[in-house]
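See below for target-v6.txt, which holds compact mmCIF, C-alpha atoms and all ligand atoms.
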# COMPACT_ATOMS: atom_id res chain seq x y z
CA CYS M 1 6.40 -25.39 -17.50
CA GLN M 2 4.20 -22.32 -17.12
CA SER M 3 2.67 -20.55 -20.09
CA MET M 4 2.58 -16.76 -20.11
CA PRO M 5 -0.73 -15.32 -18.96
CA SER M 6 -3.11 -13.83 -21.48
CA SER M 7 -3.01 -10.13 -22.30
CA ASP M 8 -6.31 -10.30 -24.17
CA MET M 9 -8.35 -7.27 -23.04
CA ALA M 10 -11.57 -8.55 -24.62
CA ALA M 11 -11.26 -11.79 -22.65
CA PHE M 12 -10.61 -9.82 -19.45
CA ARG M 13 -13.65 -7.62 -20.07
CA ALA M 14 -15.77 -10.74 -20.56
CA ALA M 15 -14.56 -12.03 -17.16
CA LEU M 16 -15.27 -8.62 -15.61
CA ALA M 17 -18.79 -8.58 -17.05
CA LYS M 18 -19.53 -11.87 -15.26
CA ALA M 19 -17.90 -10.93 -11.96
CA ARG M 20 -20.07 -10.39 -8.87
CA HIS M 21 -17.39 -9.90 -6.25
CA VAL M 22 -14.09 -8.27 -7.18
CA VAL M 23 -11.06 -7.74 -4.96
CA ALA M 24 -8.36 -5.32 -6.12
CA LEU M 25 -5.05 -5.89 -4.36
CA THR M 26 -2.99 -2.73 -4.75
CA GLY M 27 0.57 -1.58 -4.09
CA ALA M 28 2.86 1.42 -4.46
CA GLY M 29 2.74 1.31 -8.29
CA VAL M 30 -0.86 2.63 -8.17
CA SER M 31 0.38 5.83 -6.54
CA ALA M 32 3.57 6.15 -8.61
CA GLU M 33 1.78 8.26 -11.22
CA SER M 34 0.71 10.64 -8.46
CA GLY M 35 4.41 11.31 -7.90
CA ILE M 36 4.82 9.12 -4.83
CA PRO M 37 7.96 6.99 -4.95
CA THR M 38 7.64 3.22 -4.79
CA PHE M 39 9.77 1.14 -2.41
CA ARG M 40 11.69 -1.07 -4.79
CA GLY M 41 13.05 -0.49 -8.30
CA PRO M 42 15.56 2.07 -9.58
CA GLN M 43 13.87 5.12 -8.04
CA GLY M 44 12.51 3.25 -5.04
CA LEU M 45 12.72 4.54 -1.48
CA TRP M 46 14.72 1.54 -0.34
CA LYS M 47 17.47 2.42 -2.86
CA LYS M 48 18.12 5.73 -1.19
CA TYR M 49 17.34 4.81 2.39
CA GLU M 50 17.95 1.60 4.26
CA SER M 51 14.63 -0.02 5.13
CA SER M 52 16.12 -1.66 8.22
CA LYS M 53 17.02 1.80 9.61
CA LEU M 54 13.55 3.24 9.01
CA ALA M 55 10.81 0.64 8.78
CA THR M 56 11.36 -1.67 11.71
CA PRO M 57 10.36 -1.43 15.38
CA GLY M 58 14.07 -1.63 16.30
CA ALA M 59 14.88 1.38 14.11
CA PHE M 60 12.18 3.41 15.85
CA SER M 61 13.29 2.51 19.35
CA SER M 62 16.93 3.30 18.61
CA ASP M 63 16.32 6.52 16.62
CA PRO M 64 12.74 7.83 16.81
CA SER M 65 13.90 11.25 15.57
CA LEU M 66 15.28 9.82 12.30
CA VAL M 67 12.25 7.60 11.74
CA TRP M 68 9.82 10.49 12.41
CA GLN M 69 11.71 12.75 9.96
CA PHE M 70 11.25 10.06 7.29
CA TYR M 71 7.50 9.77 8.01
CA HIS M 72 7.00 13.52 8.33
CA TYR M 73 8.62 13.94 4.91
CA ARG M 74 6.34 11.30 3.38
CA ARG M 75 3.18 12.72 5.00
CA GLU M 76 3.93 16.16 3.58
CA LEU M 77 4.70 14.71 0.13
CA VAL M 78 1.44 12.73 0.02
CA LEU M 79 -0.60 15.74 1.20
CA SER M 80 0.84 17.74 -1.71
CA ARG M 81 -0.20 15.09 -4.28
CA VAL M 82 -3.58 13.98 -5.63
CA PRO M 83 -5.10 10.65 -6.70
CA ASN M 84 -4.45 9.69 -10.33
CA MET M 85 -6.59 8.04 -13.00
CA ALA M 86 -5.90 4.55 -11.63
CA HIS M 87 -7.33 5.47 -8.20
CA LYS M 88 -10.30 7.16 -9.88
CA ILE M 89 -11.12 4.20 -12.13
CA LEU M 90 -11.15 1.89 -9.11
CA ALA M 91 -13.38 4.29 -7.15
CA ASP M 92 -15.81 4.62 -10.09
CA THR M 93 -15.90 0.85 -10.54
CA GLU M 94 -16.78 0.36 -6.87
CA LYS M 95 -19.72 2.77 -7.30
CA LYS M 96 -20.92 0.97 -10.44
CA PHE M 97 -20.70 -2.40 -8.72
CA LYS M 98 -22.58 -1.16 -5.65
CA ALA M 99 -25.33 0.32 -7.82
CA GLN M 100 -25.86 -3.16 -9.28
CA GLY M 101 -25.80 -4.88 -5.89
CA LEU M 102 -22.35 -6.34 -6.58
CA GLU M 103 -19.25 -6.19 -4.39
CA PHE M 104 -15.97 -4.44 -5.03
CA CYS M 105 -13.29 -4.17 -2.40
CA ILE M 106 -9.77 -2.76 -2.37
CA VAL M 107 -7.15 -4.52 -0.27
CA THR M 108 -4.23 -2.12 -0.31
CA GLN M 109 -0.68 -2.24 0.94
CA ASN M 110 -0.48 1.52 0.48
CA VAL M 111 -0.33 3.88 3.45
CA ASP M 112 -1.14 7.08 1.52
CA GLU M 113 -4.98 7.13 1.73
CA LEU M 114 -5.16 8.07 -1.99
CA HIS M 115 -7.79 5.39 -2.68
CA GLN M 116 -10.06 7.00 -0.08
CA ARG M 117 -9.31 10.50 -1.39
CA ALA M 118 -10.35 9.26 -4.88
CA GLY M 119 -13.71 8.17 -3.43
CA SER M 120 -13.22 4.47 -2.71
CA GLU M 121 -15.16 3.40 0.37
CA ASN M 122 -14.41 -0.31 0.70
CA VAL M 123 -10.70 -0.09 1.47
CA LEU M 124 -8.76 -2.43 3.73
CA GLU M 125 -5.37 -1.00 4.69
CA LEU M 126 -3.07 -3.97 5.26
CA HIS M 127 -0.06 -1.87 6.26
CA GLY M 128 -1.88 0.91 8.11
CA THR M 129 -1.73 4.58 7.14
CA LEU M 130 0.68 7.50 7.38
CA PHE M 131 -2.25 9.54 8.73
CA LYS M 132 -2.91 7.67 11.95
CA THR M 133 -0.68 7.59 15.00
CA LYS M 134 -0.32 4.96 17.68
CA CYS M 135 0.82 5.73 21.22
CA THR M 136 3.86 3.71 22.29
CA LYS M 137 2.70 4.00 25.92
CA CYS M 138 -1.10 3.62 26.07
CA GLY M 139 -1.68 2.12 22.59
CA ASP M 140 -4.26 4.73 21.55
CA VAL M 141 -4.69 4.89 17.76
CA ALA M 142 -5.93 8.22 16.37
CA PRO M 143 -6.37 9.79 12.93
CA ASN M 144 -3.91 12.62 12.36
CA HIS M 145 -3.77 14.74 9.20
CA GLU M 146 -2.00 17.72 10.79
CA SER M 147 0.52 19.46 8.57
CA PRO M 148 3.15 19.64 9.90
CA ILE M 149 2.61 17.03 12.58
CA THR M 150 4.93 19.01 14.91
CA GLU M 151 6.74 22.33 14.56
CA GLY M 152 10.01 20.66 15.48
CA LEU M 153 9.75 18.23 12.57
CA ALA M 154 8.78 21.05 10.19
CA LYS M 155 11.95 22.94 11.13
CA SER M 156 14.16 19.86 10.78
CA LEU M 157 13.09 19.35 7.21
CA ASP M 158 12.89 22.12 4.65
CA ALA M 159 11.79 21.57 1.08
CA ASP M 160 14.82 19.29 0.89
CA ASP M 161 14.01 15.64 0.30
CA ASP M 162 17.04 14.30 2.12
CA ILE M 163 16.81 13.02 5.62
CA PRO M 164 18.84 15.50 7.65
CA LEU M 165 20.93 14.24 10.50
CA THR M 166 19.32 16.63 12.96
CA ASN M 167 18.77 14.74 16.14
CA LEU M 168 15.54 16.13 17.51
CA PRO M 169 14.70 15.82 21.20
CA ILE M 170 11.69 13.63 22.03
CA SER M 171 9.80 16.81 22.98
CA ASP M 172 9.86 17.84 19.30
CA LEU M 173 8.25 14.55 18.21
CA PRO M 174 4.49 13.83 18.21
CA SER M 175 3.07 13.02 21.65
CA CYS M 176 -0.15 11.41 22.84
CA LYS M 177 -3.03 13.74 23.75
CA LYS M 178 -4.24 11.21 26.32
CA CYS M 179 -1.05 10.22 28.17
CA THR M 180 1.78 12.39 26.67
CA GLY M 181 3.60 9.20 25.56
CA LEU M 182 5.67 9.17 22.35
CA LEU M 183 3.52 8.51 19.27
CA ARG M 184 4.60 6.40 16.29
CA PRO M 185 3.11 6.21 12.81
CA ALA M 186 0.33 3.57 12.71
CA VAL M 187 1.98 1.65 9.89
CA VAL M 188 3.12 -1.98 9.84
CA TRP M 189 6.88 -2.32 9.93
CA PHE M 190 8.94 -5.38 8.99
CA GLY M 191 8.66 -8.06 11.64
CA GLU M 192 5.34 -6.71 12.93
CA ALA M 193 2.07 -8.57 12.63
CA LEU M 194 -0.71 -7.10 10.48
CA ASP M 195 -3.86 -6.03 12.36
CA PRO M 196 -5.69 -9.34 12.90
CA ALA M 197 -9.13 -7.81 12.22
CA VAL M 198 -7.96 -6.29 8.91
CA LEU M 199 -6.22 -9.52 7.94
CA LYS M 200 -9.33 -11.56 8.72
CA GLU M 201 -11.57 -9.29 6.64
CA ALA M 202 -9.08 -9.30 3.74
CA GLN M 203 -8.94 -13.08 3.88
CA SER M 204 -12.71 -13.32 3.85
CA GLN M 205 -12.97 -10.98 0.82
CA LEU M 206 -10.31 -12.97 -1.03
CA ASP M 207 -12.06 -16.26 -0.23
CA LYS M 208 -15.34 -14.94 -1.64
CA CYS M 209 -14.14 -13.07 -4.73
CA ASP M 210 -14.74 -14.36 -8.25
CA LEU M 211 -12.25 -11.99 -9.91
CA CYS M 212 -9.04 -10.58 -8.47
CA LEU M 213 -6.96 -7.65 -9.73
CA VAL M 214 -3.32 -7.27 -8.65
CA ILE M 215 -2.20 -3.74 -9.38
CA GLY M 216 1.23 -2.10 -8.97
CA THR M 217 2.77 -4.40 -6.41
CA SER M 218 6.09 -6.23 -6.65
CA SER M 219 4.49 -9.14 -4.75
CA VAL M 220 7.52 -9.73 -2.56
CA VAL M 221 6.23 -8.63 0.85
CA TYR M 222 4.39 -11.22 2.94
CA PRO M 223 1.69 -11.98 3.81
CA ALA M 224 0.17 -9.82 0.99
CA ALA M 225 2.29 -11.60 -1.64
CA MET M 226 0.48 -14.89 -1.08
CA PHE M 227 -3.08 -13.54 -1.34
CA ALA M 228 -3.51 -13.58 -5.13
CA PRO M 229 -1.74 -16.92 -5.66
CA ALA M 230 -4.23 -18.43 -3.19
CA VAL M 231 -7.12 -16.96 -5.22
CA ALA M 232 -5.61 -18.29 -8.48
CA SER M 233 -5.27 -21.75 -6.95
CA ARG M 234 -9.08 -21.80 -6.47
CA GLY M 235 -9.38 -21.44 -10.24
CA VAL M 236 -10.60 -17.83 -9.99
CA PRO M 237 -9.30 -15.45 -12.67
CA VAL M 238 -6.53 -13.11 -11.50
CA ALA M 239 -5.39 -10.15 -13.61
CA GLU M 240 -2.09 -8.43 -12.93
CA PHE M 241 -1.45 -4.81 -13.95
CA ASN M 242 2.22 -3.87 -13.66
CA LEU M 243 5.09 -2.17 -15.48
CA GLU M 244 7.19 -5.29 -14.94
CA VAL M 245 6.67 -8.99 -14.47
CA THR M 246 6.74 -10.16 -10.84
CA PRO M 247 7.47 -13.50 -9.17
CA ASN M 248 3.71 -14.24 -9.41
CA THR M 249 3.01 -13.26 -13.04
CA GLY M 250 3.34 -16.79 -14.38
CA ILE M 251 0.57 -18.19 -12.19
CA PHE M 252 -2.04 -15.55 -13.09
CA GLY M 253 -4.53 -15.79 -15.93
CA PHE M 254 -4.10 -12.23 -17.22
CA TYR M 255 -1.14 -9.87 -17.34
CA PHE M 256 -1.40 -6.28 -18.59
CA LYS M 257 1.99 -4.63 -18.89
CA GLY M 258 2.30 -0.88 -18.59
CA GLU M 259 1.32 2.10 -16.47
CA CYS M 260 -1.80 1.04 -14.63
CA SER M 261 -3.61 4.34 -15.31
CA LYS M 262 -3.52 3.37 -18.99
CA THR M 263 -4.08 -0.39 -18.73
CA LEU M 264 -6.93 0.06 -16.23
CA ALA M 265 -8.53 2.71 -18.44
CA GLU M 266 -8.56 0.21 -21.28
CA ALA M 267 -9.71 -2.68 -19.10
CA PHE M 268 -12.60 -0.71 -17.57
CA SER M 269 -13.63 1.32 -20.61
C1 LIG N 1 3.68 0.16 -11.56
C2 LIG N 1 3.71 1.50 -11.85
C3 LIG N 1 2.67 1.96 -12.66
C4 LIG N 1 5.41 1.15 -10.67
N1 LIG N 1 1.73 1.12 -13.06
N2 LIG N 1 2.75 -0.67 -11.98
C5 LIG N 1 11.12 -14.38 4.03
C6 LIG N 1 10.02 -15.04 3.50
C7 LIG N 1 8.73 -14.63 3.83
C8 LIG N 1 8.53 -13.56 4.67
C9 LIG N 1 9.62 -12.91 5.18
C10 LIG N 1 10.90 -13.32 4.88
N3 LIG N 1 11.76 -12.50 5.52
C11 LIG N 1 11.06 -11.58 6.20
C12 LIG N 1 9.74 -11.82 6.01
C13 LIG N 1 8.62 -11.07 6.56
C14 LIG N 1 8.44 -9.72 5.91
C15 LIG N 1 8.62 -9.82 4.40
O1 LIG N 1 7.71 -10.11 3.66
N4 LIG N 1 9.80 -9.52 3.90
C16 LIG N 1 10.08 -9.63 2.47
C17 LIG N 1 10.64 -8.31 1.96
C18 LIG N 1 10.97 -10.82 2.24
N5 LIG N 1 7.08 -9.35 6.21
C19 LIG N 1 6.77 -8.78 7.36
O2 LIG N 1 7.61 -8.51 8.20
C20 LIG N 1 5.30 -8.53 7.61
N6 LIG N 1 4.94 -9.02 8.87
C21 LIG N 1 5.02 -10.33 9.16
O3 LIG N 1 5.38 -11.15 8.35
O4 LIG N 1 4.69 -10.60 10.42
C22 LIG N 1 4.87 -11.94 10.90
C23 LIG N 1 4.48 -11.92 12.34
C24 LIG N 1 3.41 -12.68 12.74
C25 LIG N 1 3.05 -12.67 14.10
C26 LIG N 1 3.75 -11.86 14.98
C27 LIG N 1 4.81 -11.09 14.56
C28 LIG N 1 5.16 -11.11 13.23
C29 LIG N 1 5.04 -7.03 7.64
C30 LIG N 1 5.34 -6.37 6.34
C31 LIG N 1 5.15 -4.86 6.47
C32 LIG N 1 5.62 -4.16 5.21
N7 LIG N 1 5.72 -2.78 5.50
C33 LIG N 1 6.07 -1.85 4.43
C34 LIG N 1 6.33 -0.47 5.05
C35 LIG N 1 5.03 0.17 5.51
C36 LIG N 1 5.26 1.49 6.15
C37 LIG N 1 5.85 2.50 5.21
O5 LIG N 1 5.29 2.75 4.14
O6 LIG N 1 6.88 3.05 5.55
O7 LIG N 1 5.00 -1.79 3.48
S1 LIG N 1 7.45 -2.37 3.44
C38 LIG N 1 6.83 -1.75 1.92
O8 LIG N 1 6.63 -2.85 1.00
C39 LIG N 1 5.43 -1.19 2.23
C40 LIG N 1 4.63 -1.71 1.08
O9 LIG N 1 3.26 -1.74 1.40
C41 LIG N 1 5.22 -3.07 0.85
C42 LIG N 1 4.93 -3.65 -0.51
O10 LIG N 1 5.50 -2.89 -1.52
P1 LIG N 1 4.73 -2.69 -2.91
O11 LIG N 1 3.49 -1.95 -2.69
O12 LIG N 1 4.64 -3.99 -3.60
O13 LIG N 1 5.74 -1.70 -3.66
P2 LIG N 1 7.08 -2.00 -4.47
O14 LIG N 1 7.85 -0.74 -4.54
O15 LIG N 1 7.78 -3.18 -3.95
O16 LIG N 1 6.56 -2.38 -5.92
C43 LIG N 1 5.94 -1.43 -6.77
C44 LIG N 1 5.46 -2.17 -8.01
O17 LIG N 1 4.72 -1.27 -8.81
C45 LIG N 1 6.60 -2.71 -8.89
O18 LIG N 1 6.29 -4.05 -9.24
C46 LIG N 1 6.56 -1.80 -10.13
O19 LIG N 1 6.91 -2.49 -11.33
C47 LIG N 1 5.12 -1.40 -10.16
N8 LIG N 1 4.84 -0.11 -10.75
N9 LIG N 1 4.86 2.04 -11.25
C48 LIG N 1 1.84 -0.21 -12.72
N10 LIG N 1 2.62 3.26 -13.01
ZN ZN N 2 -0.98 7.50 25.05
Final structure tokens representation of the file:
Amino acid sequence: CQSMPSSDMAAFRAALAKARHVVALTGAGVSAESGIPTFRGPQGLWKKYESSKLATPGAFSSDPSLVWQFYHYRRELVLSRVPNMAHKILADTEKKFKAQGLEFCIVTQNVDELHQRAGSENVLELHGTLFKTKCTKCGDVAPNHESPITEGLAKSLDADDDIPLTNLPISDLPSCKKCTGLLRPAVVWFGEALDPAVLKEAQSQLDKCDLCLVIGTSSVVYPAAMFAPAVASRGVPVAEFNLEVTPNTGIFGFYFKGECSKTLAEAFS
């Protein structure tokens, strides 16, 4: 039988004061307070849209226009939003750690670049980013923050947040500057492997850390979902910050329920 983890802030702060290498594993909940919808839960993206029609390689090959409209909409939304207190606390903590010669790294599942916009420098993006493209023909990966990414996509989608059924021709979708091939968002869809270099670096950070924070993730998507349990099984303290309990809560040492902007502010005050 598992006991509930501790929600003793003083005990967490004592663990933090001793830590020399922290990894923060983050998910969509960190950006929720910036007004960016999460994936699961009552208001989650996957309630309104079917993930299998939008976030798989098969969905893109059968309907690139629909998939690009979804990603164009999300790029524009994210560009209109700003990092919140949770992002800022993590960025400030990284700076404080660095100033003391200690290590602080963010391993994020988020594709919104809000950690970087808040000032975090050590960020590993497990699931890629909305603001890079990958060519389906030559494989070139390039940063892309253009708004809108194409005029055709801008016209297909007004201020309306619904995915219209407009079927855009391929010529209206983003194309490669090097070979004119169709571009895709450089994100990791279901059934796709994570970038091996990113995965290796994340693994190495997790293996070395002496404190792990798990913030705003439902911990149901693999392989990210198994990272913190592996850290906990080494006997290293893991602290979860979430509105809800998750399948992993019971195996962590600390659990702080609530909006992570508030719980992190208390934990790092
Ligand atoms: C707050 C808050 C606040 C809210 N404060 N908290 C069965 C078993 C094991 C694995 C599988 C399986 N069946 C299929 C798989 C594999 C699959 C998988 O894991 N599926 C599960 C769903 C079952 N995984 C994959 O396919 C991965 N690839 C893979 O396994 O490859 C194998 C392979 C190897 C070699 C060759 C080929 C293949 C890839 C997974 C990619 C996931 N991609 C997405 C989309 C990215 C692009 C996009 O954004 O469109 O990534 S899915 C989506 O989920 C996104 C997220 O990064 C990811 C995780 O979601 P996250 O961040 O946890 O968000 P939510 O919404 O789930 O949770 C939010 C949380 O925040 C909640 O808990 C709230 O309570 C909380 N919260 N507000 C604090 N203010
Ligand atoms: Zn190309």
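Considering all atoms listed in the file, the residue among M:Asp172, M:Asp210, M:Glu259, M:Glu266 positioned nearest to Ser65 in chain M is M:Asp172.
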message: What residues of the protein or nucleic acid chains come within 7 Å of ligand ZN 2 (chain N) when you use only C-alpha atoms and all ligand atoms? Reply as a ChimeraX atom specification.
response: /M:135-140,176-181
Write out the residues from the selection above, keeping C-alpha atoms, as a PDB file, keeping the file's coordinate frame.
ATOM      1  CA  CYS M 135       0.820   5.730  21.220  1.00  0.00           C
ATOM      2  CA  THR M 136       3.860   3.710  22.290  1.00  0.00           C
ATOM      3  CA  LYS M 137       2.700   4.000  25.920  1.00  0.00           C
ATOM      4  CA  CYS M 138      -1.100   3.620  26.070  1.00  0.00           C
ATOM      5  CA  GLY M 139      -1.680   2.120  22.590  1.00  0.00           C
ATOM      6  CA  ASP M 140      -4.260   4.730  21.550  1.00  0.00           C
ATOM      7  CA  CYS M 176      -0.150  11.410  22.840  1.00  0.00           C
ATOM      8  CA  LYS M 177      -3.030  13.740  23.750  1.00  0.00           C
ATOM      9  CA  LYS M 178      -4.240  11.210  26.320  1.00  0.00           C
ATOM     10  CA  CYS M 179      -1.050  10.220  28.170  1.00  0.00           C
ATOM     11  CA  THR M 180       1.780  12.390  26.670  1.00  0.00           C
ATOM     12  CA  GLY M 181       3.600   9.200  25.560  1.00  0.00           C
TER      13      GLY M 181
END
Each residue of chain M with at least one atom at most 7 Å from ligand LIG 1 (chain N) should appear once, together with its nearest atom pair and the corresponding distance in Å (one decimal); atoms considered: only C-alpha atoms and all ligand atoms; ordering: chain, then increasing residue number; output as CSV.
residue,atom,partner,partner_atom,distance
M:Thr26,CA,N:LIG1,O11,6.8
M:Gly27,CA,N:LIG1,O11,3.3
M:Ala28,CA,N:LIG1,O11,3.9
M:Gly29,CA,N:LIG1,O17,3.3
M:Val30,CA,N:LIG1,N1,5.7
M:Ala32,CA,N:LIG1,N9,5.1
M:Glu33,CA,N:LIG1,N10,5.4
M:Thr38,CA,N:LIG1,O14,4.0
M:Phe39,CA,N:LIG1,O14,3.4
M:Arg40,CA,N:LIG1,O14,3.9
M:Gly41,CA,N:LIG1,O14,6.4
M:Gly44,CA,N:LIG1,O14,6.2
M:Ala55,CA,N:LIG1,O6,5.6
M:Gln109,CA,N:LIG1,O9,4.0
M:Asn110,CA,N:LIG1,O9,5.0
M:Val111,CA,N:LIG1,O5,5.8
M:His127,CA,N:LIG1,C35,5.5
M:Val187,CA,N:LIG1,C36,5.0
M:Val188,CA,N:LIG1,C31,4.9
M:Trp189,CA,N:LIG1,N7,4.6
M:Phe190,CA,N:LIG1,O2,3.5
M:Gly191,CA,N:LIG1,O2,3.6
M:Glu192,CA,N:LIG1,C28,4.4
M:Ala193,CA,N:LIG1,O4,4.0
M:Leu194,CA,N:LIG1,N6,6.2
M:Ile215,CA,N:LIG1,C48,6.3
M:Gly216,CA,N:LIG1,O17,3.6
M:Thr217,CA,N:LIG1,O12,3.4
M:Ser218,CA,N:LIG1,O18,3.4
M:Ser219,CA,N:LIG1,O12,5.3
M:Val220,CA,N:LIG1,C16,5.6
M:Val221,CA,N:LIG1,O1,3.5
M:Tyr222,CA,N:LIG1,O1,3.6
M:Pro223,CA,N:LIG1,O3,5.9
M:Phe241,CA,N:LIG1,C48,5.8
M:Asn242,CA,N:LIG1,N2,3.7
M:Leu243,CA,N:LIG1,N2,4.5
M:Glu244,CA,N:LIG1,O19,4.6
M:Thr246,CA,N:LIG1,O18,6.3
M:Gly258,CA,N:LIG1,N1,5.9
M:Glu259,CA,N:LIG1,N1,3.6
M:Cys260,CA,N:LIG1,N1,3.9
M:Ser261,CA,N:LIG1,N1,6.6
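Using only C-alpha atoms, the shortest contact distance between Pro148 in chain M and any of M:His72, M:Lys53, M:Arg13, M:His21 is found at M:His72.
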message: Which residue is closest to Pro229 in chain M? Choose from M:Phe97, M:Ser147, M:Pro185, M:Leu25 and count only C-alpha atoms.
response: M:Leu25
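In this model, the gap between CA of Glu125 in chain M and CA of Glu201 in chain M comes to 10.5 Å.
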query: Around (-4.2, -13.1, -8.7) in the file's own coordinates, what residues are found within 7 Å if you use only C-alpha atoms, given back as a PyMOL selection string?
result: chain M and resi 212-214+228-229+231-232+237-240+252
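The residue that comes closest to Asn167 in chain M, out of M:Thr263, M:Gln69, M:Asp92, M:Gly119 and on the basis of all atoms listed in the file, is M:Gln69.
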Could the centre and edge lengths of an axis-aligned box, enclosing all atoms of range 16-23 of chain M in the file with 3 Å extra on each side, be given in Å to one decimal as AutoDock Vina command-line options?
--center_x -15.6 --center_y -9.8 --center_z -11.0 --size_x 15.0 --size_y 10.1 --size_z 18.1
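Between CA of Ala15 in chain M and CA of Gly235 in chain M the interatomic distance comes to 12.8 Å.
The environment of Glu113 in chain M within 9 Å, counting all atoms listed in the file and disregarding residues fewer than 6 places along the same chain, consists of Val78, Glu125, Thr129, Leu130 and Phe131 of chain M.
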- request: Tell me which of M:Lys134, M:His115, M:Arg184, M:Lys155 sits closest to Leu54 in chain M, counting all atoms listed in the file.
  value: M:Arg184
Distance criterion (all atoms listed in the file): nearest to Gly152 in chain M out of M:Gln203, M:Thr56, M:Ser171, M:Ser34: M:Ser171
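As for CA of Gly253 in chain M and CA of Leu102 in chain M, they are spaced 22.2 Å apart.
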query: Do you know which residues are at most 8 Å from Phe104 in chain M counting all atoms listed in the file, after dropping those on the same chain fewer than 5 positions away, and could you put them as a PyMOL selection string?
result: chain M and resi 21-24+93-94+97-98+122
- request: Can you pull out every residue within 8 Å of Thr249 in chain M, counting only C-alpha atoms, but drop anything in the same chain fewer than 5 positions away, and send it as number ranges by chain?
  value: M: 4-5, 240, 255
Please reconstruct the missing atoms of range 177-189 of chain M (target: N, CA and C atoms) and return them as a PDB file, keeping the file's coordinate frame.
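Heads up, here's the output in selection.pdb:
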ATOM      1  N   LYS M 177      -2.160  12.766  23.086  1.00  0.00           N
ATOM      2  CA  LYS M 177      -3.030  13.740  23.750  1.00  0.00           C
ATOM      3  C   LYS M 177      -3.589  13.171  25.045  1.00  0.00           C
ATOM      4  N   LYS M 178      -3.636  11.831  25.137  1.00  0.00           N
ATOM      5  CA  LYS M 178      -4.240  11.210  26.320  1.00  0.00           C
ATOM      6  C   LYS M 178      -3.223  11.025  27.443  1.00  0.00           C
ATOM      7  N   CYS M 179      -1.986  10.594  27.098  1.00  0.00           N
ATOM      8  CA  CYS M 179      -1.050  10.220  28.170  1.00  0.00           C
ATOM      9  C   CYS M 179       0.320  10.863  28.009  1.00  0.00           C
ATOM     10  N   THR M 180       0.515  11.716  26.993  1.00  0.00           N
ATOM     11  CA  THR M 180       1.780  12.390  26.670  1.00  0.00           C
ATOM     12  C   THR M 180       2.902  11.447  26.192  1.00  0.00           C
ATOM     13  N   GLY M 181       2.593  10.157  26.052  1.00  0.00           N
ATOM     14  CA  GLY M 181       3.600   9.200  25.560  1.00  0.00           C
ATOM     15  C   GLY M 181       4.024   9.522  24.131  1.00  0.00           C
ATOM     16  N   LEU M 182       5.173   8.974  23.721  1.00  0.00           N
ATOM     17  CA  LEU M 182       5.670   9.170  22.350  1.00  0.00           C
ATOM     18  C   LEU M 182       4.748   8.437  21.368  1.00  0.00           C
ATOM     19  N   LEU M 183       4.325   9.152  20.320  1.00  0.00           N
ATOM     20  CA  LEU M 183       3.520   8.510  19.270  1.00  0.00           C
ATOM     21  C   LEU M 183       4.444   7.938  18.206  1.00  0.00           C
ATOM     22  N   ARG M 184       3.931   6.945  17.484  1.00  0.00           N
ATOM     23  CA  ARG M 184       4.600   6.400  16.290  1.00  0.00           C
ATOM     24  C   ARG M 184       3.602   6.429  15.144  1.00  0.00           C
ATOM     25  N   PRO M 185       4.071   6.342  13.908  1.00  0.00           N
ATOM     26  CA  PRO M 185       3.110   6.210  12.810  1.00  0.00           C
ATOM     27  C   PRO M 185       2.407   4.858  12.914  1.00  0.00           C
ATOM     28  N   ALA M 186       1.093   4.835  12.633  1.00  0.00           N
ATOM     29  CA  ALA M 186       0.330   3.570  12.710  1.00  0.00           C
ATOM     30  C   ALA M 186       0.450   2.815  11.400  1.00  0.00           C
ATOM     31  N   VAL M 187       1.689   2.471  11.074  1.00  0.00           N
ATOM     32  CA  VAL M 187       1.980   1.650   9.890  1.00  0.00           C
ATOM     33  C   VAL M 187       2.562   0.333  10.366  1.00  0.00           C
ATOM     34  N   VAL M 188       2.589  -0.653   9.471  1.00  0.00           N
ATOM     35  CA  VAL M 188       3.120  -1.980   9.840  1.00  0.00           C
ATOM     36  C   VAL M 188       4.557  -2.087   9.336  1.00  0.00           C
ATOM     37  N   TRP M 189       5.470  -2.212  10.283  1.00  0.00           N
ATOM     38  CA  TRP M 189       6.880  -2.320   9.930  1.00  0.00           C
ATOM     39  C   TRP M 189       7.269  -3.790   9.757  1.00  0.00           C
TER      40      TRP M 189
END
